[in-house]
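Peer 1: Sharing query_10.txt, compact mmCIF, C-alpha atoms:
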# COMPACT_ATOMS: atom_id res chain seq x y z
CA MET A 4 90.73 130.87 90.68
CA ASN A 5 89.93 129.15 87.42
CA LEU A 6 89.85 125.39 86.90
CA ASN A 7 93.19 125.30 85.03
CA THR A 8 95.00 126.94 87.93
CA LEU A 9 93.40 124.52 90.36
CA ASN A 10 94.43 121.47 88.33
CA THR A 11 98.10 122.46 88.16
CA ASN A 12 98.29 122.60 91.96
CA VAL A 13 96.94 119.08 92.45
CA LYS A 14 99.58 116.38 92.74
CA ILE A 15 98.41 113.11 91.31
CA LEU A 16 99.79 109.97 92.90
CA ASN A 17 100.76 107.48 90.23
CA VAL A 18 99.95 103.95 91.48
CA ALA A 19 100.41 100.53 89.85
CA LEU A 20 98.82 97.24 90.87
CA ALA A 21 99.95 93.83 89.62
CA ASP A 22 97.42 91.13 90.54
CA ASP A 23 96.26 88.13 88.51
CA ASP A 24 92.81 88.07 90.16
CA GLU A 25 90.37 90.16 88.13
CA ASP A 26 87.96 90.58 91.06
CA ASP A 27 90.77 91.79 93.32
CA ARG A 28 91.86 94.34 90.68
CA MET A 29 88.27 95.57 90.34
CA LEU A 30 87.79 95.92 94.12
CA PHE A 31 91.14 97.71 94.43
CA ARG A 32 90.11 100.16 91.69
CA GLU A 33 86.73 100.78 93.36
CA ALA A 34 88.42 101.35 96.74
CA ILE A 35 90.99 103.76 95.33
CA GLU A 36 88.24 105.73 93.54
CA GLU A 37 86.50 106.30 96.90
CA ILE A 38 89.62 107.78 98.50
CA ALA A 39 90.01 111.55 98.51
CA ILE A 40 93.61 111.34 97.24
CA GLN A 41 94.09 112.12 93.53
CA THR A 42 95.45 108.94 91.96
CA LYS A 43 96.11 107.48 88.55
CA LEU A 44 95.88 103.70 88.79
CA SER A 45 97.46 101.34 86.25
CA THR A 46 96.63 97.65 86.65
CA PHE A 47 98.49 94.62 85.33
CA ASN A 48 97.39 90.97 85.13
CA ASN A 49 100.76 89.57 86.18
CA GLY A 50 104.29 90.54 87.12
CA GLN A 51 105.64 90.23 83.60
CA GLU A 52 103.13 92.79 82.29
CA LEU A 53 104.16 95.15 85.08
CA MET A 54 107.89 94.74 84.47
CA ASP A 55 107.44 95.16 80.70
CA TYR A 56 105.61 98.43 81.39
CA LEU A 57 108.13 99.71 83.96
CA THR A 58 111.01 99.26 81.53
CA LEU A 59 109.36 101.12 78.64
CA PRO A 60 111.23 104.30 77.65
CA ASN A 61 109.81 107.69 78.67
CA ILE A 62 107.03 106.49 80.99
CA LEU A 63 106.05 108.22 84.19
CA LEU A 64 107.09 105.71 86.83
CA PRO A 65 104.60 104.92 89.60
CA ASN A 66 105.17 106.51 92.99
CA LEU A 67 103.94 103.28 94.55
CA VAL A 68 103.57 99.70 93.26
CA PHE A 69 101.25 97.14 94.87
CA LEU A 70 102.42 93.58 94.15
CA ASP A 71 100.44 90.39 94.66
CA LEU A 72 102.89 87.65 95.63
CA ASN A 73 101.23 84.69 93.92
CA MET A 74 100.88 85.39 90.20
CA PRO A 75 101.60 83.28 87.13
CA ILE A 76 104.40 84.05 84.65
CA LYS A 77 106.29 86.33 87.06
CA ASN A 78 105.35 86.47 90.73
CA GLY A 79 105.53 89.40 93.14
CA MET A 80 108.80 88.29 94.72
CA GLN A 81 110.50 88.10 91.31
CA CYS A 82 109.18 91.59 90.46
CA LEU A 83 110.35 92.98 93.78
CA MET A 84 113.87 91.61 93.25
CA GLU A 85 114.02 92.99 89.70
CA ILE A 86 112.79 96.41 90.83
CA ARG A 87 115.38 96.61 93.62
CA LYS A 88 118.22 95.55 91.27
CA ASN A 89 117.30 98.12 88.60
CA PRO A 90 118.82 101.59 89.27
CA MET A 91 116.00 103.23 87.28
CA LEU A 92 113.29 101.60 89.43
CA ASN A 93 114.76 100.94 92.86
CA ALA A 94 113.58 104.24 94.41
CA MET A 95 109.90 103.29 93.93
CA ALA A 96 107.92 102.38 97.03
CA VAL A 97 106.73 98.75 96.83
CA ALA A 98 103.80 97.41 98.83
CA ILE A 99 103.31 93.66 98.90
CA TYR A 100 99.58 93.04 98.71
CA SER A 101 98.84 89.39 99.27
CA THR A 102 96.46 86.86 100.80
CA SER A 103 99.50 85.07 102.23
CA SER A 104 100.22 85.73 105.88
CA SER A 105 103.09 83.27 105.93
CA GLU A 106 105.94 84.44 108.17
CA LYS A 107 108.36 83.22 105.50
CA ASP A 108 106.72 85.41 102.81
CA VAL A 109 106.73 88.44 105.11
CA GLU A 110 110.38 87.85 106.02
CA GLN A 111 111.51 87.28 102.41
CA THR A 112 109.78 90.40 101.07
CA PHE A 113 111.26 92.46 103.93
CA ILE A 114 114.76 91.15 103.19
CA ASN A 115 114.31 91.78 99.45
CA GLY A 116 113.40 95.43 99.96
CA ALA A 117 109.62 95.80 100.01
CA ASN A 118 108.46 98.88 101.90
CA ILE A 119 105.30 97.44 103.46
CA TYR A 120 103.38 94.16 103.57
CA ILE A 121 99.57 94.23 103.51
CA ASN A 122 97.36 91.19 103.89
CA LYS A 123 94.44 91.50 101.48
CA PRO A 124 91.42 92.21 103.64
CA ASN A 125 88.23 90.31 102.86
CA ASP A 126 86.09 93.34 103.67
CA PHE A 127 85.73 96.27 101.25
CA ARG A 128 85.71 98.93 103.98
CA LYS A 129 88.95 97.55 105.47
CA LEU A 130 90.46 97.39 101.98
CA ARG A 131 89.66 101.05 101.35
CA GLU A 132 91.06 102.04 104.76
CA ALA A 133 94.26 100.06 104.19
CA ILE A 134 94.84 101.56 100.73
CA GLU A 135 94.13 105.06 102.03
CA LYS A 136 96.60 104.67 104.92
CA VAL A 137 99.29 103.33 102.59
CA LEU A 138 98.75 106.17 100.10
CA GLN A 139 99.14 108.70 102.92
CA ILE A 140 102.51 107.38 104.12
CA ASN A 141 105.47 109.72 103.74
CA TRP A 142 107.65 107.11 102.02
CA GLN A 143 110.96 108.93 102.51
CA TYR A 144 110.44 108.97 106.27
CA HIS A 145 108.88 105.49 106.38
CA THR A 146 111.74 103.92 104.39
CA SER A 147 114.46 105.55 106.49
CA ASN A 148 112.89 104.10 109.67
CA LEU A 149 111.90 100.75 108.20
CA ASN A 150 111.89 97.87 110.64
CA ARG A 151 109.94 94.69 111.16
CA ASP A 152 107.41 96.45 113.41
CA ASN A 153 106.26 98.98 110.82
CA PHE A 154 106.71 96.67 107.80
CA LEU A 155 103.70 94.40 108.32
CA TYR A 156 100.54 96.50 108.11
CA ARG A 157 97.96 94.98 110.42
CA ILE A 158 94.33 95.55 109.45
Once more with this new file: its structure as structure tokens, please.
Peer 2:
Amino acid sequence: MNLNTLNTNVKILNVALADDDEDDRMLFREAIEEIAIQTKLSTFNNGQELMDYLTLPNILLPNLVFLDLNMPIKNGMQCLMEIRKNPMLNAMAVAIYSTSSSEKDVEQTFINGANIYINKPNDFRKLREAIEKVLQINWQYHTSNLNRDNFLYRI
């Protein structure tokens, strides 16, 4: 088997991350690079940058979007609501990725259609494990059985 044949059989997971914290974006990128799943990661400094990108014509939409809740200009909740209202975007899986563990935040993101809520771990190994588990989820199955018990990912 030559290299070209091999590359056409590999499915690349297209992932986007919107997070205003540069260190968090860097750690996320490092963690995703250590995972054995082929991914293409696009990062955005805030929700507005992400939404501007998602609405460009002829782009390959991400399979999964990680949204920080607390960002300037446009926060994660605003992005989530826009994504779910847009027929071109609403099929994307959305993971809330936040330092907030507020019950209100978890509840609001669940109600507004996020697929999973992940508290940002403060340990790199746990971060890598959490990202890997989320990337391995069969989103069609997960979304059809979504409930409060499987929404909040506990690390």
Peer 1: Which residue, A:Ser104, A:Leu67, A:Glu36, A:Lys88, has the smallest gap to A:Asn118 when you use only C-alpha atoms?
Peer 2: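 Closest residue, counting only C-alpha atoms: A:Leu67.
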Peer 1: Which residue, A:Asp126, A:Glu106, A:Glu132, A:Asp27, has the smallest gap to A:Phe69 when you use only C-alpha atoms?
Peer 2: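 Looking at the shortest contact to A:Phe69, the residue is A:Asp27.
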Peer 1: What's the separation between atom CA of A:Ile140 and atom CA of A:Lys43, in Å to one decimal place?
Peer 2: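 Spanning atom CA of A:Ile140 to atom CA of A:Lys43 is a straight-line distance of 16.8 Å.
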Peer 1: Ranking A:Leu53, A:Met29, A:Ile119, A:Ile114 by minimum distance to A:Met74 and counting all atoms listed in the file, which one comes first?
Peer 2: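 Answer, going by the shortest atom-to-atom distance: A:Leu53.
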Peer 1: What is the atom CA of A:Met84 to atom CA of A:Lys123 distance in Å?
Peer 2: 21.1 Å
Peer 1: What is the distance between atom CA of A:Asp108 and atom CA of A:Tyr56, in Å to one decimal?
Peer 2: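 For atom CA of A:Asp108 relative to atom CA of A:Tyr56, the distance reads 25.1 Å.
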Peer 1: Of the candidates A:Ile15, A:Leu30, A:Ala21, A:Leu83, which shows the shortest atom-to-atom distance to A:Thr42, using all atoms listed in the file?
Peer 2: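 For A:Thr42, the nearest of the candidates is A:Ile15.
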Peer 1: Here is a test: counting only C-alpha atoms, which residue of A:Pro75, A:Ile40, A:Asp26, A:Leu64 is nearest to A:Asn125?
Peer 2: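 The shortest atom-to-atom distance to A:Asn125 comes from A:Asp26.
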Peer 1: Using all atoms listed in the file for the distances, tell me which of A:Tyr120, A:Phe113, A:Phe47, A:Phe31 is nearest to A:Ile134.
Peer 2: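 Ranking A:Tyr120, A:Phe113, A:Phe47, A:Phe31 by distance to A:Ile134, first place goes to A:Phe31.
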Peer 1: What box, with edges along x, y and z, holds each listed atom of stretch 20-29 of chain A when 8 Å is added on every side, and can you state its centre and edge lengths in Å to one decimal, as JSON?
Peer 2:
{"center_x": 94.0, "center_y": 92.7, "center_z": 90.7, "size_x": 28.0, "size_y": 25.2, "size_z": 21.2}
Peer 1: Taking (105.3, 84.1, 103.5) in the coordinates of the supplied file, I want to know which residues reach to within 12 Å of it, counting all atoms listed in the file; could you give the answer as number ranges by chain?
Peer 2: A: 71-73, 79-80, 99-114, 120-122, 155
Peer 1: With a distance cut-off of 10 Å and all atoms listed in the file, select the neighbouring residues of A:Ile76, excluding the residue or stretch itself and same-chain residues fewer than 4 positions from it, and output the selection as a list in words.
Peer 2: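 What passes the distance filter is Asp23, Asn48, Asn49, Gly50, Gln51, Glu52 and Gln81 of chain A.
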